[in-house]
Protein chains: 2
Amino acid sequence: MSKRFMSMRNLKFTIHEFIGKNIKGLTPAGKTDIKSTDMILNAAFEFAKDAMHPLFEEMDRHPPQLCDGRVRVHKDVRKIMQTLGDDGWISATFPEKWNGQHMSAVLFHAVNFIFSAANYSAAVFQELTIGAAHLIHTFGSETLQQTYLPHMLSGRWQGTMALTEPEAGSSLGDLITSATPLKDGSYAIAGDKIFISAGDHDGVDNVVHLMLARIKDAPSGVKGISLFVVPRLRPDRNGNLIDNDVTVNQIFHKMGYRGSPITGLTMGEKNACRGFLVGEPNKGLMYMFQMMNGARLDVGTGATGISTAAYHAALDYARIRKQGRSISDKKSIDPVPIISHPDVKRMLLFQRAVTEGSLALILLCGLYDDLSHELREDQREKYALLLDILIPVAKSFPSEMSILSTSQSMQCLGGYGYCDDFPVEQHFRDTRIHPIHEGTTGIQGMDLLGRKVRILNGKALVLLMGEIEKTIGEAREHAQFETASEDMSAVASTVYATTQTLFGMKNDRGEEAYLSNATIYLEMFGYFIIGWLWLVQAMVAKKQLMGKKVKKTDIRFYEGKIKVQEYYFANELPKIQSLAKILTRQVPVTISTREDHFTN
Amino acid sequence: MSKRFMSMRNLKFTIHEFIGKNIKGLTPAGKTDIKSTDMILNAAFEFAKDAMHPLFEEMDRHPPQLCDGRVRVHKDVRKIMQTLGDDGWISATFPEKWNGQHMSAVLFHAVNFIFSAANYSAAVFQELTIGAAHLIHTFGSETLQQTYLPHMLSGRWQGTMALTEPEAGSSLGDLITSATPLKDGSYAIAGDKIFISAGDHDGVDNVVHLMLARIKDAPSGVKGISLFVVPRLRPDRNGNLIDNDVTVNQIFHKMGYRGSPITGLTMGEKNACRGFLVGEPNKGLMYMFQMMNGARLDVGTGATGISTAAYHAALDYARIRKQGRSISDKKSIDPVPIISHPDVKRMLLFQRAVTEGSLALILLCGLYDDLSHELREDQREKYALLLDILIPVAKSFPSEMSILSTSQSMQCLGGYGYCDDFPVEQHFRDTRIHPIHEGTTGIQGMDLLGRKVRILNGKALVLLMGEIEKTIGEAREHAQFETASEDMSAVASTVYATTQTLFGMKNDRGEEAYLSNATIYLEMFGYFIIGWLWLVQAMVAKKQLMGKKVKKTDIRFYEGKIKVQEYYFANELPKIQSLAKILTRQVPVTISTREDHFTN
């Protein structure tokens, strides 16, 4: 198995040189300097390498089992959760009161990236716990916080997000799990949930579901949904844990991401399931949505981590495996390493473009998140809006592209890539969940085109275009990036004009026509954003190359960065042109095709 | 599990109405009329449905095992092979002498499509046997034919293609398996082979490897490779089968396509392995290449079959699964079937465009194959050239697009698609082998741009463009297809101009630069060819719609066909523009990037 699963050099470049460049003159969020940031990254990497990565295959080959109503996971999950709790990783982003360090979002996502690249299934347990704990921390009462947070943040209790129901997948307004008020202030919960990640397992002492349910007589649809804490074991008055009537009714057998148990749950079979309201009634979806940005970034991070690990496996193989001769030197007797073949380099450049571009996007979102909290009140809105409009891209671009990227990793290994002696087939399977969970790609498209580009009369889009224009302006001043700045400027105009055309379509032909190709709009937007981030990265690299006494390995690294930017602008950015044409031609075929046209 | 795995209506449309249209005035190859063709298709379908499809899941969940040096496969493989032998499916394309019916290539590929859609792993055993038997039949001595063909064609002996070696994957010139001439005219074989499909199993009484090896003192490289029959058990003078020293040294554990055993073989461990020369020495690769077209079409057919089955599973689900409301009718109380959502229809249209377009291409190749054999001598070259230039496309377009198509099938099912309660996750895993085996996509690109568009000064390309121009001319005469004919004409010009630009690049910058983006050229070419075939299909459908007394279900079917063409021209054909731009901009980044640029 490939030992290398990520590049620390590239992660540090992305944090210190790419993101760092953007935070000059501002308070770096979380107030961590380069040295302490690196200490944290190195510690995360060591743990990922020693404790998580060695289980990558094993957790896949021995997936969780449902035995006598309880889920058994790999025995090391308990150790991992406890260490992540004891060493402060789970509580890192929380305030001191909860043993936290106010870790910045940038650093948090960087750490998650490391864990995901090492072993996505193993990383998910803590990630979900952090998300659930944040919900309790932000919206829950002091009692709820005191009861649950210490156990969750120490890695002894698992947290989950329990949204999906059998009859209401992406359509949360249709959920029917019921909550009946009881005299003691708690609620009797009854209903079914499906696809609950880490919904039960024996690597922790308890599981705490952050669950959406409908209080009796609440309004129908999304306006009548409330958020509850529903533990598997409920602390009684004396602090003893008693059964809370949450049953695991099934465990899903998945193609990949197999180390993490995805469960179906039944609440209230014996009419003894209690839930505890978080915040106010009927505001559950609003609360959940405020945490959704984080969950969606986690998915983008997971996809980026997996694709990165697959890329490194492909790179290792391409360097060692000898096959064929160079076309320009056919007389050579010995076969050459396949990395010499332009077509293999093309595949590797594609994987780097996707994975390092995605990482830059994720960490940029982290930065915007930090700035939207850390800056003076009157500056916050800008960054909150920038974060908002980028979220659907940061969720979907890494996810969708990871299918292609891990597929190209496999292609680099040929027949071996298809076999389980190498890790890439597992990466290919693992990553396929990402375009599905936490809102499918289709839903991200609707979010971008239906909401985000329209909020405040398009203010978020204008702000984003402004940032991109700044980069184009800078690039124009370097002879080396003149063509790239022109390309970027042209695609910016294309994206802007396409958006205007779609606005026009909305007025002429209504909302359904406007949104019918939202997924393609999202795809175009993704290529655009990643192009921007590659231009920034290349300019940073160029600047570093012009510095004094650059180390040899650094020269190769920075030159490599510029090569990937060249590749992206030559081979990926032009795709915007076709996607824009598809969008602006306005052929309404997906609307006019009727169900019975699929008769055959 | 979804019961439907293909549409017989669409297959018959493709054979009788799409291909049939092209064979007017010519002797239909194989001399089968519509009625007898349908009898054969129906019989194949019944067998596929009753004997192969029920094992689809089972063969995946219980893959072959290597026990005491022998490979154990699913117990029904023996029954399937024997029935396919006894009922004449394996011998169908052979002449009467060998119990065959001179089945046309069109019909043969149609039958293979049915089997592949039902259960690709189960279909492979006979497919490989047919390929190997054809090699013996075409190039082997009468003795070899008499010794091996009856057992292979009756499904009692398995045939394989044994090319790949550990140190020489796609680079066949490097193979080192040796053949030392013996006094009795046979050869002592020694060496190792890997990735040999159906290389050993207990569903047959013997395995016959068509193996490439190097005769002692033969020229180095591809010019010194000979073809041998190397059986697992060798008939002695009395007709008894004795061990031929072929050992299974491993079985590969694959991500998908798990029902079929892929093995590693060692020959001559005890110095007792005998091979029997097929044809003349040192012509092995030439013989193999003459059969390669068939093997590559089989791969395209496999990918098409798998994607088709996945599409039908997605279609079934999209019709039944209710979720969300229509955007144009938000007040509706009940959720609608997801097939009503434009984004879901877009995904289904994409899958149809890919799968039915691929099927049309495969059968068109079958037609050209038939015509290149059946016509008068002076007309044969045209169709042989048309077949030659389409082979890399017919191998790679279905294969590469099947990754995307089965992925979209999964996306239609959301979380359920990722779980093994539904068949699509297996389709997604199964089909991923196709861009790899029988020549990777990269190799197909080199074949198209490096050889096929250049043979006889570009004659094949000119002929192909001529056929496409004919279609454009016809389309121009129908008001309904005016825009489509313009689109097609524009992309034909683009493809032609791009090819010319690349020829220029070859002169200016040499072969390596010319071929460096061959894979992208192949991708562009694929979109182009499938666009052509959709235009033909839509025109056929239109003509049928204008006929008298068209049945209601036929109206829906033909209208549906036209919708898919509209979809393809709106959403897929425009991609040619971007790909052409990538190719003509000539950024040499994949050449100028050095190995050490990947340092990080």
# chains A, B, ... in the order shown; residues from 1 in each chain; ligands from 1
$ residues_around --residues "A:Ala51" --least-positions-apart "6" --cutoff "10 Å" --atoms "only C-alpha atoms" --output "ChimeraX atom specification"
/A:45,76-77,79-80,83,118-119,122
$ residues_around --residues "A:Leu285" --least-positions-apart "3" --cutoff "7 Å" --atoms "only C-alpha atoms" --output "PyMOL selection string"
chain A and resi 222+225-226+288-289
$ atom_distance --atom1 "atom CA of B:Lys283" --atom2 "atom CA of B:Gly302"
28.8 Å
$ residues_around --residues "stretch 53-69 of chain A" --least-positions-apart "5" --cutoff "9 Å" --atoms "only C-alpha atoms" --output "VMD selection string"
chain A and resid 1 3 5 47 to 48 74 76 115 117 to 122 201 247 to 251 253 256 to 262 423 426
